[in-house]
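work_15.txt follows; it contains compact mmCIF, C-alpha atoms.
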# COMPACT_ATOMS: atom_id res chain seq x y z
CA MET A 30 21.90 -84.56 -200.69
CA SER A 31 18.89 -83.98 -202.87
CA ALA A 32 19.30 -87.41 -204.44
CA SER A 33 16.88 -88.83 -201.90
CA THR A 34 14.08 -86.79 -203.46
CA HIS A 35 14.36 -88.88 -206.62
CA PRO A 36 11.94 -91.76 -206.42
CA GLU A 37 14.47 -94.19 -207.88
CA GLY A 38 18.10 -93.11 -207.68
CA VAL A 39 19.74 -95.94 -209.57
CA ALA A 40 20.95 -93.88 -212.52
CA THR A 41 20.87 -90.42 -210.96
CA PRO A 42 23.45 -90.55 -208.15
CA PRO A 43 26.57 -90.87 -210.36
CA VAL A 44 25.58 -87.82 -212.37
CA PHE A 45 24.72 -85.87 -209.26
CA TYR A 46 27.83 -86.93 -207.48
CA GLN A 47 30.19 -85.77 -210.19
CA VAL A 48 28.51 -82.38 -210.14
CA GLU A 49 28.98 -82.20 -206.40
CA GLY A 50 32.58 -83.34 -206.73
CA GLU A 51 33.35 -80.50 -209.10
CA GLY A 52 31.48 -77.93 -207.06
CA HIS A 53 33.11 -78.52 -203.70
CA GLY A 54 36.35 -80.12 -204.74
CA HIS A 55 36.14 -83.78 -203.63
CA ALA A 56 33.21 -83.56 -201.23
CA GLY A 57 33.47 -87.26 -200.33
CA GLY A 58 37.25 -86.98 -200.14
CA GLY A 59 36.88 -84.15 -197.62
CA THR A 60 34.85 -86.42 -195.36
CA LEU A 61 37.45 -89.17 -195.67
CA LEU A 62 40.26 -86.78 -194.78
CA GLY A 63 38.25 -85.43 -191.86
CA PHE A 64 37.56 -88.93 -190.63
CA TRP A 65 41.25 -89.72 -190.96
CA ILE A 66 42.06 -86.72 -188.74
CA TYR A 67 39.53 -88.08 -186.21
CA LEU A 68 41.28 -91.46 -186.29
CA MET A 69 44.66 -89.80 -185.72
CA SER A 70 43.26 -87.94 -182.69
CA ASP A 71 41.84 -91.24 -181.48
CA ALA A 72 45.36 -92.64 -181.83
CA LEU A 73 46.53 -89.91 -179.47
CA ILE A 74 43.94 -91.03 -176.88
CA PHE A 75 45.39 -94.50 -177.14
CA ALA A 76 48.90 -93.04 -176.93
CA THR A 77 48.11 -91.50 -173.53
CA LEU A 78 46.57 -94.79 -172.38
CA PHE A 79 49.63 -96.73 -173.56
CA ALA A 80 51.92 -94.23 -171.82
CA THR A 81 49.91 -94.54 -168.58
CA TYR A 82 50.02 -98.31 -168.84
CA GLY A 83 53.77 -98.26 -169.45
CA VAL A 84 54.42 -95.99 -166.48
CA LEU A 85 52.25 -98.10 -164.14
CA SER A 86 53.40 -101.44 -165.56
CA ARG A 87 55.23 -102.41 -162.35
CA ASN A 88 52.80 -101.03 -159.77
CA PHE A 89 51.13 -104.29 -158.76
CA ALA A 90 50.47 -103.39 -155.09
CA GLY A 91 50.44 -107.08 -154.23
CA ALA A 92 47.72 -107.83 -156.79
CA PRO A 93 48.29 -110.45 -159.52
CA GLY A 94 50.47 -109.33 -162.46
CA PRO A 95 50.69 -110.31 -166.14
CA HIS A 96 52.31 -113.69 -165.46
CA GLU A 97 49.44 -114.88 -163.29
CA LEU A 98 46.65 -113.25 -165.30
CA PHE A 99 47.30 -113.64 -169.00
CA ASP A 100 46.72 -116.74 -171.08
CA LEU A 101 48.54 -116.08 -174.35
CA ARG A 102 46.55 -118.77 -176.16
CA VAL A 103 43.36 -116.78 -175.62
CA VAL A 104 45.11 -113.61 -176.79
CA ALA A 105 46.41 -115.43 -179.88
CA VAL A 106 42.89 -116.58 -180.75
CA ASN A 107 41.54 -113.05 -180.32
CA THR A 108 44.37 -111.61 -182.43
CA ALA A 109 43.60 -114.11 -185.19
CA ILE A 110 39.88 -113.25 -185.06
CA LEU A 111 40.55 -109.52 -185.40
CA LEU A 112 43.05 -110.04 -188.23
CA VAL A 113 40.60 -112.22 -190.19
CA SER A 114 37.90 -109.60 -189.59
CA ALA A 115 40.22 -107.02 -191.14
CA LEU A 116 40.43 -109.20 -194.24
CA THR A 117 36.64 -109.71 -194.44
CA CYS A 118 36.19 -105.94 -194.02
CA GLY A 119 38.57 -105.48 -196.95
CA LEU A 120 36.63 -108.04 -199.02
CA SER A 121 33.52 -105.98 -198.30
CA MET A 122 35.28 -102.88 -199.66
CA ILE A 123 36.27 -104.77 -202.83
CA ALA A 124 32.65 -105.82 -203.28
CA LEU A 125 31.71 -102.16 -202.77
CA GLN A 126 34.01 -101.18 -205.63
CA GLY A 127 32.38 -103.78 -207.83
CA GLY A 128 28.94 -102.48 -206.85
CA LYS A 129 27.89 -105.89 -205.50
CA VAL A 130 25.54 -104.98 -202.68
CA ARG A 131 24.84 -108.58 -201.63
CA ALA A 132 28.55 -109.36 -201.25
CA VAL A 133 29.08 -106.11 -199.34
CA ARG A 134 26.36 -107.08 -196.86
CA LEU A 135 27.59 -110.67 -196.58
CA TRP A 136 31.17 -109.66 -195.73
CA LEU A 137 29.93 -106.96 -193.36
CA VAL A 138 27.87 -109.57 -191.50
CA VAL A 139 30.93 -111.86 -191.26
CA THR A 140 33.01 -108.91 -190.01
CA ALA A 141 30.40 -108.05 -187.38
CA LEU A 142 30.19 -111.66 -186.18
CA LEU A 143 33.98 -111.80 -185.83
CA GLY A 144 33.85 -108.48 -183.95
CA ILE A 145 31.20 -109.89 -181.60
CA ALA A 146 33.36 -112.99 -181.05
CA PHE A 147 36.35 -110.76 -180.26
CA VAL A 148 34.43 -108.70 -177.70
CA GLY A 149 32.88 -111.86 -176.25
CA ILE A 150 36.26 -113.52 -175.69
CA GLU A 151 37.62 -110.31 -174.21
CA LEU A 152 34.68 -110.08 -171.80
CA TYR A 153 35.25 -113.74 -170.89
CA GLU A 154 38.89 -112.90 -170.15
CA PHE A 155 37.86 -109.87 -168.06
CA GLY A 156 35.30 -111.97 -166.18
CA HIS A 157 37.94 -114.59 -165.48
CA MET A 158 40.28 -111.92 -164.09
CA VAL A 159 37.59 -110.36 -161.91
CA ALA A 160 36.66 -113.82 -160.60
CA GLU A 161 40.28 -114.24 -159.54
CA GLY A 162 40.06 -110.97 -157.63
CA ALA A 163 42.00 -108.95 -160.23
CA THR A 164 39.54 -106.05 -160.44
CA PRO A 165 40.49 -102.55 -161.68
CA ARG A 166 40.49 -101.39 -158.03
CA ARG A 167 43.19 -103.80 -156.87
CA SER A 168 46.23 -101.98 -158.26
CA ALA A 169 47.32 -99.10 -160.45
CA TYR A 170 48.55 -101.69 -162.93
CA LEU A 171 45.12 -103.31 -163.20
CA SER A 172 43.40 -99.90 -163.49
CA ALA A 173 45.66 -99.05 -166.42
CA PHE A 174 45.17 -102.49 -167.98
CA PHE A 175 41.37 -102.39 -167.87
CA THR A 176 41.29 -98.79 -169.14
CA LEU A 177 43.56 -99.47 -172.12
CA VAL A 178 42.17 -102.84 -173.21
CA GLY A 179 38.62 -101.85 -172.28
CA THR A 180 38.79 -98.69 -174.40
CA HIS A 181 39.88 -100.77 -177.38
CA GLY A 182 37.07 -103.25 -176.70
CA LEU A 183 34.55 -100.39 -176.52
CA HIS A 184 35.77 -99.15 -179.90
CA VAL A 185 35.24 -102.60 -181.41
CA THR A 186 31.76 -102.72 -179.83
CA PHE A 187 30.85 -99.42 -181.44
CA GLY A 188 32.33 -100.66 -184.72
CA VAL A 189 29.93 -103.61 -184.58
CA LEU A 190 27.07 -101.20 -183.84
CA TRP A 191 28.14 -99.10 -186.85
CA ILE A 192 28.14 -102.20 -189.07
CA ALA A 193 24.60 -102.98 -187.89
CA VAL A 194 23.49 -99.45 -188.79
CA MET A 195 25.17 -99.72 -192.21
CA LEU A 196 23.41 -103.03 -192.89
CA LEU A 197 20.10 -101.26 -192.22
CA GLN A 198 21.01 -98.35 -194.47
CA LEU A 199 22.19 -100.66 -197.23
CA GLY A 200 18.86 -102.43 -196.97
CA GLN A 201 17.01 -99.15 -197.35
CA ARG A 202 19.04 -97.30 -199.98
CA GLY A 203 21.55 -99.74 -201.43
CA LEU A 204 24.93 -98.48 -202.62
CA HIS A 205 23.95 -94.83 -202.54
CA PRO A 206 26.95 -92.43 -202.70
CA ASP A 207 26.31 -91.45 -199.07
CA ASN A 208 26.43 -95.10 -198.08
CA ARG A 209 29.63 -95.62 -200.08
CA ARG A 210 31.26 -92.77 -198.19
CA ARG A 211 30.06 -94.14 -194.85
CA LEU A 212 31.32 -97.61 -195.70
CA LEU A 213 34.75 -96.24 -196.60
CA CYS A 214 34.88 -94.48 -193.22
CA LEU A 215 33.70 -97.65 -191.48
CA SER A 216 36.46 -99.71 -193.07
CA MET A 217 39.05 -97.11 -192.05
CA PHE A 218 37.72 -97.29 -188.48
CA TRP A 219 37.83 -101.08 -188.42
CA HIS A 220 41.36 -101.32 -189.86
CA PHE A 221 42.50 -98.63 -187.42
CA LEU A 222 41.26 -100.76 -184.52
CA ASP A 223 43.29 -103.68 -185.84
CA VAL A 224 46.40 -101.47 -185.93
CA ILE A 225 45.77 -100.41 -182.30
CA TRP A 226 45.39 -104.07 -181.35
CA ILE A 227 48.94 -104.73 -182.64
CA GLY A 228 50.13 -102.32 -179.96
CA VAL A 229 47.90 -103.92 -177.32
CA PHE A 230 48.93 -107.52 -177.86
CA THR A 231 52.60 -106.56 -178.20
CA PHE A 232 53.03 -104.14 -175.32
CA VAL A 233 50.42 -105.43 -172.88
CA TYR A 234 50.36 -109.17 -173.41
CA LEU A 235 53.62 -110.31 -175.07
CA LEU A 236 55.98 -107.92 -173.27
CA GLY A 237 53.97 -108.39 -170.05
CA VAL A 238 54.52 -112.13 -170.04
CA LEU A 239 58.18 -111.98 -171.09
CA MET B 14 29.94 -97.64 -211.49
CA SER B 15 33.66 -97.66 -210.88
CA ASP B 16 34.10 -94.11 -212.18
CA HIS B 17 32.60 -92.32 -209.23
CA VAL B 18 34.28 -94.65 -206.78
CA HIS B 19 37.49 -93.09 -207.96
CA GLU B 20 35.89 -89.70 -207.49
CA ASP B 21 34.82 -90.73 -204.03
CA SER B 22 38.27 -91.36 -202.64
CA GLY B 23 41.55 -90.47 -204.19
CA ASP B 24 43.15 -93.76 -203.28
CA ALA B 25 40.34 -96.09 -204.27
CA ALA B 26 42.52 -97.47 -207.04
CA HIS B 27 44.45 -99.43 -204.42
CA PHE B 28 41.47 -101.45 -203.19
CA THR B 29 42.55 -104.67 -204.81
CA LEU B 30 42.16 -108.21 -203.58
CA ARG B 31 45.88 -108.70 -204.07
CA THR B 32 46.75 -105.82 -201.71
CA TYR B 33 44.41 -107.10 -199.00
CA LEU B 34 45.56 -110.71 -199.26
CA THR B 35 49.23 -109.72 -199.22
CA GLY B 36 48.64 -107.47 -196.21
CA PHE B 37 46.73 -110.22 -194.44
CA LEU B 38 49.37 -112.91 -195.07
CA VAL B 39 52.30 -110.70 -194.07
CA SER B 40 50.42 -109.55 -190.94
CA ALA B 41 49.61 -113.15 -190.03
CA LEU B 42 53.27 -114.18 -190.41
CA LEU B 43 54.49 -111.23 -188.32
CA THR B 44 51.91 -112.03 -185.62
CA LEU B 45 52.86 -115.72 -185.58
CA ALA B 46 56.54 -114.83 -185.28
CA ALA B 47 55.83 -112.48 -182.36
CA PHE B 48 53.76 -115.02 -180.42
CA TRP B 49 56.31 -117.76 -181.17
CA ALA B 50 59.17 -115.60 -179.86
CA VAL B 51 57.35 -115.24 -176.53
CA MET B 52 55.54 -118.58 -176.14
CA ALA B 53 58.31 -120.93 -177.31
CA ARG B 54 61.06 -118.86 -175.60
CA PRO B 55 63.84 -119.54 -178.13
CA PHE B 56 65.71 -116.36 -177.13
CA SER B 57 66.62 -114.50 -173.98
CA ALA B 58 63.96 -112.10 -172.68
CA ARG B 59 65.89 -109.04 -173.88
CA VAL B 60 66.31 -110.34 -177.44
CA ALA B 61 62.69 -111.45 -177.55
CA ALA B 62 61.50 -108.01 -176.39
CA VAL B 63 63.48 -106.21 -179.10
CA LEU B 64 62.26 -108.70 -181.70
CA VAL B 65 58.60 -108.43 -180.66
CA VAL B 66 58.64 -104.61 -180.74
CA THR B 67 60.34 -104.64 -184.15
CA LEU B 68 57.73 -107.07 -185.49
CA ALA B 69 54.94 -104.84 -184.11
CA ILE B 70 56.31 -101.74 -185.83
CA ALA B 71 56.70 -103.69 -189.06
CA GLN B 72 53.13 -104.95 -188.86
CA ILE B 73 51.75 -101.49 -188.11
CA LEU B 74 53.50 -100.19 -191.25
CA VAL B 75 52.25 -103.13 -193.34
CA GLN B 76 48.66 -102.63 -192.21
CA THR B 77 48.65 -98.86 -192.72
CA ARG B 78 49.89 -99.48 -196.24
CA ALA B 79 47.74 -102.47 -197.21
CA PHE B 80 44.53 -101.91 -195.20
CA LEU B 81 44.40 -98.16 -194.55
CA HIS B 82 45.86 -97.35 -197.99
CA VAL B 83 48.17 -94.66 -196.68
CA ASN B 84 50.42 -93.38 -199.46
CA ALA B 85 51.98 -90.13 -200.57
CA ARG B 86 49.23 -89.40 -203.12
CA ALA B 87 46.04 -89.99 -201.08
CA GLN B 88 44.12 -86.72 -200.49
CA GLY B 89 46.95 -84.74 -202.00
CA GLY B 90 49.42 -86.09 -199.46
CA TRP B 91 47.50 -84.88 -196.37
CA ILE B 92 46.72 -88.42 -195.19
CA LEU B 93 50.44 -89.14 -195.00
CA VAL B 94 51.24 -85.77 -193.39
CA ALA B 95 48.63 -86.36 -190.66
CA TYR B 96 49.92 -89.90 -190.18
CA VAL B 97 53.56 -88.89 -189.79
CA PHE B 98 52.62 -85.99 -187.51
CA THR B 99 50.62 -88.36 -185.30
CA ALA B 100 53.52 -90.81 -185.25
CA VAL B 101 55.80 -88.06 -183.95
CA LEU B 102 53.27 -87.10 -181.25
CA LEU B 103 52.90 -90.75 -180.28
CA LEU B 104 56.64 -91.11 -179.94
CA ILE B 105 56.86 -88.01 -177.75
CA ALA B 106 53.85 -88.96 -175.58
CA ILE B 107 54.78 -92.61 -175.00
CA GLY B 108 58.57 -92.45 -175.21
CA GLY B 109 58.77 -89.21 -173.25
CA SER B 110 56.47 -90.44 -170.47
CA LEU B 111 58.38 -93.68 -170.00
CA TRP B 112 61.74 -91.93 -170.14
CA ILE B 113 60.83 -89.36 -167.50
CA MET B 114 58.96 -91.70 -165.17
CA PHE B 115 61.60 -94.43 -165.13
CA HIS B 116 64.30 -91.85 -164.49
CA LEU B 117 62.24 -90.62 -161.55
CA ASN B 118 61.95 -94.17 -160.26
CA THR B 119 65.67 -94.89 -160.50
CA ASN B 120 66.57 -91.55 -158.91
CA MET B 121 64.46 -92.29 -155.86
CA MET B 122 65.98 -93.73 -152.70
CA PRO B 123 65.91 -97.54 -152.77
CA GLY B 124 63.61 -97.84 -149.77
CA MET B 125 61.16 -95.27 -151.08
CA MET B 126 60.65 -96.92 -154.42
CA SER B 127 58.05 -99.59 -153.83
CA ASP B 128 55.88 -98.22 -151.01
CA PRO B 129 54.53 -94.81 -152.07
CA MET B 130 54.19 -95.81 -155.70
CA SER B 131 52.39 -99.08 -155.10
CA GLN B 132 49.93 -97.63 -152.60
CA ALA B 133 48.06 -95.91 -155.39
CA PRO B 134 44.51 -97.24 -155.60
With the file now loaded, output its structure as structure tokens.
Amino acid sequence: MSASTHPEGVATPPVFYQVEGEGHGHAGGGTLLGFWIYLMSDALIFATLFATYGVLSRNFAGAPGPHELFDLRVVAVNTAILLVSALTCGLSMIALQGGKVRAVRLWLVVTALLGIAFVGIELYEFGHMVAEGATPRRSAYLSAFFTLVGTHGLHVTFGVLWIAVMLLQLGQRGLHPDNRRRLLCLSMFWHFLDVIWIGVFTFVYLLGVL
Amino acid sequence: MSDHVHEDSGDAAHFTLRTYLTGFLVSALLTLAAFWAVMARPFSARVAAVLVVTLAIAQILVQTRAFLHVNARAQGGWILVAYVFTAVLLLIAIGGSLWIMFHLNTNMMPGMMSDPMSQAP
């Protein structure tokens, strides 16, 4: 907290951080646990969206269904992109452990670009569906589909935004303990989104087309 | 430098390249198998559905272990407790909703099934 008052905090933060760690009992760990609880509550939001989607999965109301709408090749490409981005996010965390700020930033940039590609392809898919007349208003099924997949896409968008903010903060303060903690939370967020995507591509796309 | 990383998070010791690469490769294989089971259609729809759901559960477990570093020791075990608790809630919310709603659907009169349900905006 007060480390920012030091003109050059290269040597000071480790000393300061250990003091803080003893004083409050894993101060950084508390944040990580709190963030984990947030992620679990976010999982419950997705659980309700998955449940809604499952319940409405046959209510097409004459509108196009999964067979007409989904192109599994596009979904496979998007799944691959998100999985590779999970790996690059992990590589960034390994660089963080090694204290290599340049490598951290490089892998974060790659992760963000993959995230942008993922959202871009998803928007292309949505645009394609809307062009075919499959808008969220057409049927309960489509409302549930756009809500579930759109919520995941929004999460990825905010993840990209978070990466952009972290790149700025890394540029300003380097691998400051605060930034380390934020990066650990960011990686948890990103990997969590990949886990949610497993549910999306399995239950929405694969089971929908079967 | 590495000392206070361990202070920072109790499970930082598991951030190894090996863990990430293993998690990535296993996840990729599970994903490929799932898409293959649906796109190539080697099985009946029922078998493929069971297989795909099993692969998804397996991949979720692999990624929580390899990428999210969930284990019994992290944060004094609270990470795992929260995870298992959430899994139970997920099961109740999703499984319970589907169970109830599909029983309602099958208990309806045959003629009433499609119309009122599908008129929803």
Q.
So, with all atoms listed in the file as the atoms that count, which of B:Gln72, B:Asn120, B:Thr32, B:Gln88 lies closest to Leu61 in chain A?
A. B:Gln88
Q. If you count only C-alpha atoms, which residues fall within 7 Å of Val75 in chain B, apart from same-chain ones fewer than 4 positions away, as a PyMOL selection string?
A. chain B and resi 36+71+79
Q) Between B:Asn118, B:Thr99, B:Asn84, B:Thr35, which has the minimum distance to chain A (counting all atoms listed in the file)? A) B:Thr99
Q: Find the residue from A:Val194, A:Gly59, A:Gly179, A:Glu154 that sits nearest to Gly89 in chain B; use all atoms listed in the file when measuring.
A: A:Gly59
Q: Go ahead and find all residues with at least one atom no further than 8 Å from (29.4, -104.2, -184.4) in the file's coordinates, using only C-alpha atoms; report them as a ChimeraX atom specification.
A: /A:141-142,144-145,185-193
(Q) Residues of chain A within 7 Å of chain B, counting all atoms listed in the file - could you list those as an MDAnalysis selection string? (A) chainID A and resid 43 57:58 62 66 69 73 76:77 79:80 83:84 88:90 116 119 123 126:128 166:169 217 220 224 227:228 231 235:236 239
Pull C-alpha atoms from the residues just selected and write them as a compact mmCIF listing (two decimals), in the coordinates of the input.
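So part.txt came out as:
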# COMPACT_ATOMS: atom_id res chain seq x y z
CA PRO A 43 26.57 -90.87 -210.36
CA GLY A 57 33.47 -87.26 -200.33
CA GLY A 58 37.25 -86.98 -200.14
CA LEU A 62 40.26 -86.78 -194.78
CA ILE A 66 42.06 -86.72 -188.74
CA MET A 69 44.66 -89.80 -185.72
CA LEU A 73 46.53 -89.91 -179.47
CA ALA A 76 48.90 -93.04 -176.93
CA THR A 77 48.11 -91.50 -173.53
CA PHE A 79 49.63 -96.73 -173.56
CA ALA A 80 51.92 -94.23 -171.82
CA GLY A 83 53.77 -98.26 -169.45
CA VAL A 84 54.42 -95.99 -166.48
CA ASN A 88 52.80 -101.03 -159.77
CA PHE A 89 51.13 -104.29 -158.76
CA ALA A 90 50.47 -103.39 -155.09
CA LEU A 116 40.43 -109.20 -194.24
CA GLY A 119 38.57 -105.48 -196.95
CA ILE A 123 36.27 -104.77 -202.83
CA GLN A 126 34.01 -101.18 -205.63
CA GLY A 127 32.38 -103.78 -207.83
CA GLY A 128 28.94 -102.48 -206.85
CA ARG A 166 40.49 -101.39 -158.03
CA ARG A 167 43.19 -103.80 -156.87
CA SER A 168 46.23 -101.98 -158.26
CA ALA A 169 47.32 -99.10 -160.45
CA MET A 217 39.05 -97.11 -192.05
CA HIS A 220 41.36 -101.32 -189.86
CA VAL A 224 46.40 -101.47 -185.93
CA ILE A 227 48.94 -104.73 -182.64
CA GLY A 228 50.13 -102.32 -179.96
CA THR A 231 52.60 -106.56 -178.20
CA LEU A 235 53.62 -110.31 -175.07
CA LEU A 236 55.98 -107.92 -173.27
CA LEU A 239 58.18 -111.98 -171.09
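Considering all atoms listed in the file, the residue among A:Met195, A:Leu177, A:Ser121, A:Arg209 positioned nearest to Ile74 in chain A is A:Leu177.
Going from CA of Gln198 in chain A over to CA of His181 in chain A, you cover 25.6 Å.
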Q: Using only C-alpha atoms, collect all residues at a distance of at most 10 Å from (41.7, -109.9, -161.9) as written in the file, then present them as a ChimeraX atom specification.
A: /A:92-95,97-99,154-168,171,175
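Take CA of Tyr82 in chain A and CA of Ala173 in chain A: the distance between them is 5.0 Å.
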Q. What gap, in Å, lies between CA of Cys118 in chain A and CA of Trp226 in chain A?
A.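 Atom-to-atom, CA of Cys118 in chain A to CA of Trp226 in chain A, that is 15.8 Å.
Of the residues under consideration (A:Ala105, A:Leu204, A:Leu215, A:Leu152), A:Leu152 shows the shortest atom-to-atom contact distance to Val178 in chain A when counting all atoms listed in the file.
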(Q) Could you check the closest approach to Gly200 in chain A for each of A:His184, A:Tyr170, A:Val130, A:Glu151 and tell me which residue wins, using only C-alpha atoms? (A)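 Smallest distance to Gly200 in chain A is found for A:Val130.
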